[in-house]
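*Asks:* The file below is structure.pdb, PDB, C-alpha atoms, pLDDT in the B column:
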```pdb
MODEL        1
ATOM      1  CA  ASN A   3     -11.700  -6.244 -22.993  1.00 53.00           C
ATOM      2  CA  ALA A   4      -9.513  -3.153 -22.786  1.00 73.00           C
ATOM      3  CA  GLY A   5      -7.314  -2.861 -19.760  1.00 91.00           C
ATOM      4  CA  VAL A   6      -6.980   0.112 -17.461  1.00 94.00           C
ATOM      5  CA  MET A   7      -6.330   3.205 -19.524  1.00 95.00           C
ATOM      6  CA  GLN A   8      -4.498   6.276 -18.395  1.00 97.00           C
ATOM      7  CA  ASN A   9      -3.898   9.529 -20.184  1.00 96.00           C
ATOM      8  CA  PRO A  10      -1.859  11.339 -20.894  1.00 97.00           C
ATOM      9  CA  ARG A  11       1.102   8.952 -20.767  1.00 95.00           C
ATOM     10  CA  HIS A  12       3.527  11.831 -20.375  1.00 97.00           C
ATOM     11  CA  LEU A  13       2.751  15.255 -18.991  1.00 98.00           C
ATOM     12  CA  VAL A  14       5.083  18.212 -18.624  1.00 98.00           C
ATOM     13  CA  ARG A  15       4.055  21.109 -16.442  1.00 98.00           C
ATOM     14  CA  ARG A  16       5.835  24.206 -15.218  1.00 98.00           C
ATOM     15  CA  ARG A  17       5.939  24.974 -11.533  1.00 97.00           C
ATOM     16  CA  GLY A  18       2.660  26.504 -10.415  1.00 97.00           C
ATOM     17  CA  GLN A  19       0.526  24.975 -13.153  1.00 98.00           C
ATOM     18  CA  GLU A  20      -2.174  22.366 -12.659  1.00 98.00           C
ATOM     19  CA  ALA A  21      -1.883  18.722 -13.670  1.00 98.00           C
ATOM     20  CA  ARG A  22      -4.895  16.542 -14.455  1.00 98.00           C
ATOM     21  CA  LEU A  23      -4.393  12.814 -14.774  1.00 98.00           C
ATOM     22  CA  ARG A  24      -7.155  10.568 -16.058  1.00 98.00           C
ATOM     23  CA  CYS A  25      -7.864   6.924 -15.446  1.00 98.00           C
ATOM     24  CA  SER A  26     -10.506   4.746 -17.068  1.00 97.00           C
ATOM     25  CA  PRO A  27     -10.910   1.474 -15.174  1.00 95.00           C
ATOM     26  CA  MET A  28     -11.463  -1.877 -16.782  1.00 93.00           C
ATOM     27  CA  LYS A  29     -14.994  -2.534 -17.927  1.00 90.00           C
ATOM     28  CA  GLY A  30     -17.127  -3.634 -15.012  1.00 87.00           C
ATOM     29  CA  HIS A  31     -14.680  -2.361 -12.386  1.00 90.00           C
ATOM     30  CA  SER A  32     -16.003   0.186  -9.933  1.00 89.00           C
ATOM     31  CA  HIS A  33     -13.009   0.468  -7.606  1.00 93.00           C
ATOM     32  CA  VAL A  34     -10.098   2.745  -8.517  1.00 95.00           C
ATOM     33  CA  TYR A  35      -6.778   3.239  -6.764  1.00 95.00           C
ATOM     34  CA  TRP A  36      -4.062   5.798  -7.385  1.00 97.00           C
ATOM     35  CA  TYR A  37      -0.408   5.171  -6.577  1.00 96.00           C
ATOM     36  CA  ARG A  38       2.685   7.332  -6.981  1.00 97.00           C
ATOM     37  CA  GLN A  39       6.150   6.058  -7.805  1.00 94.00           C
ATOM     38  CA  LEU A  40       9.166   8.267  -7.289  1.00 90.00           C
ATOM     39  CA  PRO A  41      12.328   7.403  -9.253  1.00 83.00           C
ATOM     40  CA  GLU A  42      14.005   4.208  -8.066  1.00 79.00           C
ATOM     41  CA  GLU A  43      11.307   3.579  -5.465  1.00 83.00           C
ATOM     42  CA  GLY A  44       8.295   1.361  -5.011  1.00 85.00           C
ATOM     43  CA  LEU A  45       4.722   2.503  -5.433  1.00 91.00           C
ATOM     44  CA  LYS A  46       3.015   4.360  -2.626  1.00 94.00           C
ATOM     45  CA  PHE A  47      -0.722   4.320  -2.154  1.00 94.00           C
ATOM     46  CA  MET A  48      -2.492   7.651  -2.499  1.00 96.00           C
ATOM     47  CA  VAL A  49      -6.250   7.175  -2.647  1.00 97.00           C
ATOM     48  CA  TYR A  50      -8.975   4.569  -3.114  1.00 95.00           C
ATOM     49  CA  LEU A  51     -12.270   5.548  -4.709  1.00 94.00           C
ATOM     50  CA  GLN A  52     -15.520   3.949  -5.647  1.00 92.00           C
ATOM     51  CA  LYS A  53     -18.052   5.631  -7.894  1.00 89.00           C
ATOM     52  CA  GLU A  54     -18.757   9.090  -6.421  1.00 90.00           C
ATOM     53  CA  ASN A  55     -17.079   8.191  -3.120  1.00 93.00           C
ATOM     54  CA  ILE A  56     -13.612   8.542  -1.652  1.00 95.00           C
ATOM     55  CA  ILE A  57     -13.097   5.477   0.520  1.00 92.00           C
ATOM     56  CA  ASP A  58      -9.515   5.920   1.712  1.00 93.00           C
ATOM     57  CA  GLU A  59      -7.363   8.977   1.084  1.00 95.00           C
ATOM     58  CA  SER A  60      -4.789   8.283   3.755  1.00 93.00           C
ATOM     59  CA  GLY A  61      -1.926   8.529   1.254  1.00 94.00           C
ATOM     60  CA  MET A  62      -2.916  11.833  -0.292  1.00 96.00           C
ATOM     61  CA  PRO A  63      -0.899  14.942   0.553  1.00 94.00           C
ATOM     62  CA  LYS A  64      -3.070  17.294   2.549  1.00 91.00           C
ATOM     63  CA  GLU A  65      -2.732  20.187   0.150  1.00 95.00           C
ATOM     64  CA  ARG A  66      -2.880  20.646  -3.629  1.00 97.00           C
ATOM     65  CA  PHE A  67      -3.957  17.051  -4.386  1.00 98.00           C
ATOM     66  CA  SER A  68      -7.514  15.903  -5.009  1.00 97.00           C
ATOM     67  CA  ALA A  69      -9.185  12.940  -6.653  1.00 98.00           C
ATOM     68  CA  GLU A  70     -12.623  12.119  -7.909  1.00 96.00           C
ATOM     69  CA  PHE A  71     -14.423   9.252  -9.594  1.00 96.00           C
ATOM     70  CA  PRO A  72     -17.711  10.579 -10.951  1.00 93.00           C
ATOM     71  CA  LYS A  73     -20.728   8.507 -11.838  1.00 91.00           C
ATOM     72  CA  GLU A  74     -19.885   8.946 -15.505  1.00 91.00           C
ATOM     73  CA  GLY A  75     -16.437   9.287 -16.955  1.00 93.00           C
ATOM     74  CA  PRO A  76     -12.908   8.564 -15.804  1.00 96.00           C
ATOM     75  CA  SER A  77     -11.327   9.048 -12.427  1.00 97.00           C
ATOM     76  CA  ILE A  78      -9.310  12.254 -12.201  1.00 98.00           C
ATOM     77  CA  LEU A  79      -6.254  12.947 -10.054  1.00 98.00           C
ATOM     78  CA  ARG A  80      -5.714  16.662  -9.864  1.00 98.00           C
ATOM     79  CA  ILE A  81      -2.562  18.372  -8.660  1.00 98.00           C
ATOM     80  CA  GLN A  82      -2.728  22.106  -8.242  1.00 98.00           C
ATOM     81  CA  GLN A  83       0.274  24.450  -8.252  1.00 98.00           C
ATOM     82  CA  VAL A  84       2.709  21.670  -9.071  1.00 98.00           C
ATOM     83  CA  VAL A  85       6.220  21.699  -7.634  1.00 97.00           C
ATOM     84  CA  ARG A  86       9.351  19.829  -8.760  1.00 95.00           C
ATOM     85  CA  GLY A  87       8.827  17.246  -6.057  1.00 94.00           C
ATOM     86  CA  ASP A  88       5.580  16.173  -7.744  1.00 96.00           C
ATOM     87  CA  SER A  89       7.584  14.750 -10.657  1.00 96.00           C
ATOM     88  CA  ALA A  90       6.851  11.041 -10.582  1.00 96.00           C
ATOM     89  CA  ALA A  91       4.964   8.253 -12.291  1.00 96.00           C
ATOM     90  CA  TYR A  92       1.335   8.068 -11.261  1.00 97.00           C
ATOM     91  CA  PHE A  93      -0.360   4.711 -11.631  1.00 97.00           C
ATOM     92  CA  CYS A  94      -4.013   3.918 -11.531  1.00 96.00           C
ATOM     93  CA  ALA A  95      -5.387   0.465 -10.754  1.00 94.00           C
ATOM     94  CA  SER A  96      -8.894  -0.931 -10.768  1.00 93.00           C
ATOM     95  CA  SER A  97     -10.636  -3.942  -9.292  1.00 90.00           C
ATOM     96  CA  PRO A  98     -14.083  -5.469  -9.663  1.00 85.00           C
ATOM     97  CA  PRO A  99     -16.877  -4.609  -7.231  1.00 79.00           C
ATOM     98  CA  THR A 100     -17.214  -8.054  -5.718  1.00 69.00           C
ATOM     99  CA  GLY A 101     -14.709 -10.634  -4.591  1.00 56.00           C
ATOM    100  CA  GLY A 102     -11.028 -10.987  -5.361  1.00 58.00           C
ATOM    101  CA  TYR A 103      -8.255  -8.652  -4.428  1.00 72.00           C
ATOM    102  CA  GLU A 104      -6.198  -8.461  -7.577  1.00 82.00           C
ATOM    103  CA  GLN A 105      -5.703  -4.966  -8.884  1.00 88.00           C
ATOM    104  CA  TYR A 106      -5.135  -4.300 -12.558  1.00 90.00           C
ATOM    105  CA  PHE A 107      -2.711  -1.497 -13.292  1.00 92.00           C
ATOM    106  CA  GLY A 108      -2.676   1.040 -16.073  1.00 93.00           C
ATOM    107  CA  PRO A 109       0.517   2.048 -17.907  1.00 93.00           C
ATOM    108  CA  GLY A 110       0.970   5.142 -15.768  1.00 95.00           C
ATOM    109  CA  THR A 111       1.319   8.859 -16.374  1.00 97.00           C
ATOM    110  CA  ARG A 112       4.801  10.273 -16.084  1.00 96.00           C
ATOM    111  CA  LEU A 113       4.610  13.798 -14.772  1.00 97.00           C
ATOM    112  CA  THR A 114       7.602  16.080 -15.172  1.00 97.00           C
ATOM    113  CA  VAL A 115       7.586  19.459 -13.491  1.00 97.00           C
ATOM    114  CA  THR A 116      10.076  21.932 -14.915  1.00 96.00           C
TER     115      THR A 116
ATOM    116  CA  SER B  27       6.543   2.416   8.392  1.00 51.00           C
ATOM    117  CA  GLN B  28       3.996   0.074   6.839  1.00 59.00           C
ATOM    118  CA  GLN B  29       6.062  -0.383   3.722  1.00 70.00           C
ATOM    119  CA  GLY B  30       7.305  -3.837   2.860  1.00 77.00           C
ATOM    120  CA  GLU B  31      11.003  -4.529   2.743  1.00 86.00           C
ATOM    121  CA  GLU B  32      12.639  -6.482  -0.013  1.00 90.00           C
ATOM    122  CA  ASP B  33      16.026  -7.999  -0.391  1.00 92.00           C
ATOM    123  CA  PRO B  34      18.250  -8.015  -2.162  1.00 95.00           C
ATOM    124  CA  GLN B  35      17.843  -4.558  -3.649  1.00 93.00           C
ATOM    125  CA  ALA B  36      19.670  -5.735  -6.750  1.00 96.00           C
ATOM    126  CA  LEU B  37      20.463  -9.192  -8.098  1.00 97.00           C
ATOM    127  CA  SER B  38      22.550 -10.126 -11.126  1.00 97.00           C
ATOM    128  CA  ILE B  39      22.716 -13.742 -12.290  1.00 97.00           C
ATOM    129  CA  GLN B  40      23.527 -15.765 -15.387  1.00 97.00           C
ATOM    130  CA  GLU B  41      20.816 -16.920 -17.723  1.00 97.00           C
ATOM    131  CA  GLY B  42      19.540 -20.329 -16.697  1.00 97.00           C
ATOM    132  CA  GLU B  43      20.190 -19.820 -12.992  1.00 97.00           C
ATOM    133  CA  ASN B  44      17.452 -19.430 -10.404  1.00 98.00           C
ATOM    134  CA  ALA B  45      16.640 -16.081  -8.822  1.00 97.00           C
ATOM    135  CA  THR B  46      15.219 -15.688  -5.322  1.00 97.00           C
ATOM    136  CA  MET B  47      13.789 -12.487  -3.902  1.00 97.00           C
ATOM    137  CA  ASN B  48      12.492 -11.988  -0.388  1.00 97.00           C
ATOM    138  CA  CYS B  49       9.889  -9.701   1.099  1.00 95.00           C
ATOM    139  CA  SER B  50       8.969  -8.951   4.704  1.00 95.00           C
ATOM    140  CA  TYR B  51       6.062  -7.018   6.144  1.00 93.00           C
ATOM    141  CA  LYS B  52       4.842  -5.924   9.559  1.00 90.00           C
ATOM    142  CA  THR B  53       1.038  -5.971   9.632  1.00 88.00           C
ATOM    143  CA  SER B  54      -1.575  -8.684   9.238  1.00 88.00           C
ATOM    144  CA  ILE B  55      -2.540  -9.318   5.632  1.00 90.00           C
ATOM    145  CA  ASN B  56      -5.246 -10.855   3.481  1.00 89.00           C
ATOM    146  CA  ASN B  57      -2.869 -11.679   0.693  1.00 91.00           C
ATOM    147  CA  LEU B  58       0.533 -10.909  -0.754  1.00 93.00           C
ATOM    148  CA  GLN B  59       1.137 -10.223  -4.419  1.00 94.00           C
ATOM    149  CA  TRP B  60       4.162  -9.998  -6.674  1.00 95.00           C
ATOM    150  CA  TYR B  61       4.461  -7.636  -9.613  1.00 94.00           C
ATOM    151  CA  ARG B  62       7.030  -7.103 -12.339  1.00 95.00           C
ATOM    152  CA  GLN B  63       7.940  -3.752 -13.817  1.00 93.00           C
ATOM    153  CA  ASN B  64      10.095  -3.357 -16.884  1.00 90.00           C
ATOM    154  CA  SER B  65      12.063  -0.144 -17.049  1.00 82.00           C
ATOM    155  CA  GLY B  66       9.769   2.823 -17.603  1.00 73.00           C
ATOM    156  CA  ARG B  67       6.683   0.662 -17.920  1.00 81.00           C
ATOM    157  CA  GLY B  68       3.600  -0.242 -15.931  1.00 84.00           C
ATOM    158  CA  LEU B  69       3.202  -3.125 -13.529  1.00 90.00           C
ATOM    159  CA  VAL B  70       2.385  -6.647 -14.528  1.00 90.00           C
ATOM    160  CA  HIS B  71       0.685  -8.852 -11.954  1.00 91.00           C
ATOM    161  CA  LEU B  72       2.547 -12.120 -11.496  1.00 95.00           C
ATOM    162  CA  ILE B  73       0.961 -14.049  -8.689  1.00 94.00           C
ATOM    163  CA  LEU B  74      -1.235 -13.668  -5.605  1.00 93.00           C
ATOM    164  CA  ILE B  75      -0.943 -15.847  -2.525  1.00 95.00           C
ATOM    165  CA  ARG B  76      -3.617 -15.693   0.160  1.00 93.00           C
ATOM    166  CA  SER B  77      -2.832 -15.603   3.864  1.00 93.00           C
ATOM    167  CA  ASN B  78      -4.050 -19.175   4.340  1.00 94.00           C
ATOM    168  CA  GLU B  79      -1.769 -20.500   1.588  1.00 96.00           C
ATOM    169  CA  ARG B  80       1.856 -21.481   2.061  1.00 97.00           C
ATOM    170  CA  GLU B  81       3.054 -22.018  -1.479  1.00 97.00           C
ATOM    171  CA  LYS B  82       1.879 -21.285  -4.984  1.00 97.00           C
ATOM    172  CA  HIS B  83       3.236 -22.009  -8.444  1.00 96.00           C
ATOM    173  CA  SER B  84       2.736 -20.355 -11.789  1.00 95.00           C
ATOM    174  CA  GLY B  85       4.911 -21.543 -14.645  1.00 96.00           C
ATOM    175  CA  ARG B  86       8.516 -20.828 -13.662  1.00 97.00           C
ATOM    176  CA  LEU B  87       7.428 -18.859 -10.614  1.00 97.00           C
ATOM    177  CA  ARG B  88       7.165 -20.217  -7.114  1.00 98.00           C
ATOM    178  CA  VAL B  89       5.966 -18.094  -4.213  1.00 98.00           C
ATOM    179  CA  THR B  90       6.051 -19.020  -0.554  1.00 98.00           C
ATOM    180  CA  LEU B  91       4.393 -17.256   2.348  1.00 97.00           C
ATOM    181  CA  ASP B  92       5.245 -17.643   6.028  1.00 96.00           C
ATOM    182  CA  THR B  93       2.737 -15.631   8.031  1.00 94.00           C
ATOM    183  CA  SER B  94       4.427 -16.495  11.333  1.00 94.00           C
ATOM    184  CA  LYS B  95       7.595 -14.792  10.103  1.00 95.00           C
ATOM    185  CA  LYS B  96       5.685 -12.230   8.031  1.00 95.00           C
ATOM    186  CA  SER B  97       7.782 -13.013   5.006  1.00 96.00           C
ATOM    187  CA  SER B  98       7.446 -14.192   1.434  1.00 97.00           C
ATOM    188  CA  SER B  99       9.820 -15.283  -1.271  1.00 97.00           C
ATOM    189  CA  LEU B 100       9.618 -15.333  -5.052  1.00 98.00           C
ATOM    190  CA  LEU B 101      11.657 -17.904  -6.928  1.00 98.00           C
ATOM    191  CA  ILE B 102      12.142 -17.663 -10.671  1.00 98.00           C
ATOM    192  CA  THR B 103      13.583 -20.866 -12.070  1.00 98.00           C
ATOM    193  CA  ALA B 104      15.627 -21.256 -15.257  1.00 97.00           C
ATOM    194  CA  SER B 105      15.912 -17.497 -15.702  1.00 97.00           C
ATOM    195  CA  ARG B 106      15.851 -15.858 -19.141  1.00 97.00           C
ATOM    196  CA  ALA B 107      17.121 -12.522 -20.391  1.00 95.00           C
ATOM    197  CA  ALA B 108      13.491 -11.393 -20.694  1.00 95.00           C
ATOM    198  CA  ASP B 109      13.112 -11.760 -16.918  1.00 97.00           C
ATOM    199  CA  THR B 110      15.296  -8.673 -16.459  1.00 97.00           C
ATOM    200  CA  ALA B 111      13.050  -6.222 -14.612  1.00 96.00           C
ATOM    201  CA  SER B 112      12.221  -4.857 -11.175  1.00 95.00           C
ATOM    202  CA  TYR B 113      10.114  -7.095  -8.980  1.00 96.00           C
ATOM    203  CA  PHE B 114       7.854  -5.761  -6.254  1.00 94.00           C
ATOM    204  CA  CYS B 115       6.010  -7.484  -3.497  1.00 95.00           C
ATOM    205  CA  ALA B 116       2.781  -5.869  -2.353  1.00 93.00           C
ATOM    206  CA  PHE B 117       0.732  -6.894   0.634  1.00 90.00           C
ATOM    207  CA  GLN B 118      -2.926  -6.189   1.090  1.00 87.00           C
ATOM    208  CA  GLY B 119      -4.773  -5.777   4.364  1.00 79.00           C
ATOM    209  CA  ALA B 120      -8.071  -4.142   3.502  1.00 77.00           C
ATOM    210  CA  GLN B 121      -8.113  -2.744  -0.020  1.00 80.00           C
ATOM    211  CA  LYS B 122      -4.963  -0.774  -0.682  1.00 86.00           C
ATOM    212  CA  LEU B 123      -1.702  -2.413  -1.676  1.00 90.00           C
ATOM    213  CA  VAL B 124       1.466  -1.624   0.254  1.00 91.00           C
ATOM    214  CA  PHE B 125       4.526  -2.112  -1.915  1.00 92.00           C
ATOM    215  CA  GLY B 126       8.098  -2.981  -1.112  1.00 91.00           C
ATOM    216  CA  GLN B 127      11.013  -1.040  -2.548  1.00 91.00           C
ATOM    217  CA  GLY B 128      11.632  -3.663  -5.188  1.00 92.00           C
ATOM    218  CA  THR B 129      14.440  -5.912  -6.344  1.00 95.00           C
ATOM    219  CA  ARG B 130      16.206  -5.046  -9.598  1.00 95.00           C
ATOM    220  CA  LEU B 131      16.939  -8.323 -11.342  1.00 97.00           C
ATOM    221  CA  THR B 132      19.427  -8.488 -14.193  1.00 97.00           C
ATOM    222  CA  ILE B 133      19.840 -11.677 -16.196  1.00 97.00           C
ATOM    223  CA  ASN B 134      23.144 -11.846 -18.025  1.00 95.00           C
ATOM    224  CA  PRO B 135      23.209 -13.837 -21.278  1.00 90.00           C
TER     225      PRO B 135
ENDMDL
END
```
Take the structure in this file and express it as structure tokens.
*Replies:*
Amino acid sequence: NAGVMQNPRHLVRRRGQEARLRCSPMKGHSHVYWYRQLPEEGLKFMVYLQKENIIDESGMPKERFSAEFPKEGPSILRIQQVVRGDSAAYFCASSPPTGGYEQYFGPGTRLTVT
Amino acid sequence: SQQGEEDPQALSIQEGENATMNCSYKTSINNLQWYRQNSGRGLVHLILIRSNEREKHSGRLRVTLDTSKKSSSLLITASRAADTASYFCAFQGAQKLVFGQGTRLTINP
């Protein structure tokens, strides 16, 4: 059973470009979470999605950031017009639809904005 | 801020010694979890303790939870060089996890 998969693992973008980060949850998991980790800091919650629904986006910046989890395919975190401050590691986690609270984390995407 | 607080921020001990890390939080929780992160890598789930539990063991790990003090501790016994990593507590109310700042643990051979 493959774990949570994220791609790309490393992404370099110039200021003003768009960044698209993908997350495929574990098989059978329908809940996806995105977290951001700045250097030398802990992870901060961004958004919680279920299939085709955003459940909690209280940690998402109001502008330039969006997330989706379509019926088919991976969850996408999209950052438009990236700035240097967006440089961070972005982690995706998934959990099963019923019971339990453990979240399984992917390896992360390290975004560098130059 | 909702974020958990951990101490110490950094801990350096000799191999074979025990390491203790502490975490405090401010809100009510369903559970508290501990994760390990090796430098530049993803997170590995270590242990989950529910709000109605006081202590839990897993191999060389021992976690305690005191909901009256809103605090938890992680004890790693008989430390090994491979335990060198950052350790994060994360508490969960509804669905999202709220992480602490982490403790950087270094085990010296």
*Asks:* Determine the residue set returned by the PyMOL selection byres ((chain B and resi 123) around 9) for the present structure, and present it as a ChimeraX atom specification.
*Replies:* /A:45-47,105 /B:58-59,116-122,124-125
*Asks:* Would you put the residues from that selection into a file with C-alpha atoms, as an mmCIF file, in the frame of the given file?
*Replies:*
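Wrote it out as part_13.cif, contents follow:
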```cif
data_model
loop_
_atom_site.group_PDB
_atom_site.id
_atom_site.type_symbol
_atom_site.label_atom_id
_atom_site.label_comp_id
_atom_site.auth_asym_id
_atom_site.auth_seq_id
_atom_site.Cartn_x
_atom_site.Cartn_y
_atom_site.Cartn_z
ATOM 1 C CA LEU A 45 4.722 2.503 -5.433
ATOM 2 C CA LYS A 46 3.015 4.360 -2.626
ATOM 3 C CA PHE A 47 -0.722 4.320 -2.154
ATOM 4 C CA GLN A 105 -5.703 -4.966 -8.884
ATOM 5 C CA LEU B 58 0.533 -10.909 -0.754
ATOM 6 C CA GLN B 59 1.137 -10.223 -4.419
ATOM 7 C CA ALA B 116 2.781 -5.869 -2.353
ATOM 8 C CA PHE B 117 0.732 -6.894 0.634
ATOM 9 C CA GLN B 118 -2.926 -6.189 1.090
ATOM 10 C CA GLY B 119 -4.773 -5.777 4.364
ATOM 11 C CA ALA B 120 -8.071 -4.142 3.502
ATOM 12 C CA GLN B 121 -8.113 -2.744 -0.020
ATOM 13 C CA LYS B 122 -4.963 -0.774 -0.682
ATOM 14 C CA VAL B 124 1.466 -1.624 0.254
ATOM 15 C CA PHE B 125 4.526 -2.112 -1.915
#
```
*Asks:* Any chance you could work out the residue set of the PyMOL selection byres ((chain A and resi 34) around 8) here, as a list in words?
*Replies:* Pro27, His31, Ser32, His33, Tyr35, Trp36, Tyr50, Leu51, Gln52, Phe71, Ser77, Cys94, Ala95, Ser96 and Ser97 of chain A
*Asks:* Centre and edge lengths, as AutoDock Vina command-line options, for the axis-aligned box enclosing every listed atom of stretch 103-112 of chain A with 5 Å of padding on each of the six sides, in Å to one decimal?
*Replies:*
```
--center_x -1.7 --center_y 0.8 --center_z -11.2 --size_x 23.1 --size_y 28.9 --size_z 23.5
```
*Asks:* Residues picked by the ChimeraX specification (/B :<12) & /A here, as JSON, numbers by chain?
*Replies:* {"A": [5, 6, 7, 8, 11, 12, 33, 34, 35, 36, 37, 38, 39, 40, 41, 42, 43, 44, 45, 46, 47, 48, 49, 50, 51, 52, 57, 58, 59, 60, 61, 90, 91, 92, 93, 94, 95, 96, 97, 98, 99, 100, 101, 102, 103, 104, 105, 106, 107, 108, 109, 110, 111, 112]}
*Asks:* Neighbouring residues of B:Lys82 were defined as those with any atom within 12 Å, considering all atoms listed in the file; residues of the same chain fewer than 2 positions away were excluded. Please report them as a PyMOL selection string.
*Replies:* chain B and resi 58-60+72-80+84-91+98-101
*Asks:* Which residues are close to B:Asp109, i.e. within 12 Å by all atoms listed in the file, leaving aside same-chain residues fewer than 6 positions away? Reply as an MDAnalysis selection string.
*Replies:* chainID B and resid 37:45 62:65 72 86:87 101:103 130:135
*Asks:* Just checking: using all atoms listed in the file, which residue out of A:Ile56, A:Val115, A:Ala69, A:Met62 ends up closest to A:Gly18?
*Replies:*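 That would be A:Val115, the residue with the smallest distance to A:Gly18.
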*Asks:* Atom CA of A:Gln83 to atom CA of A:Leu23: how many Å, to one decimal?
*Replies:*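 Atom CA of A:Gln83 sits 14.1 Å away from atom CA of A:Leu23.
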*Asks:* Quick one, how far is atom CA of A:Thr114 from atom CA of A:Pro72?
*Replies:*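 Those two atoms sit 26.2 Å apart.
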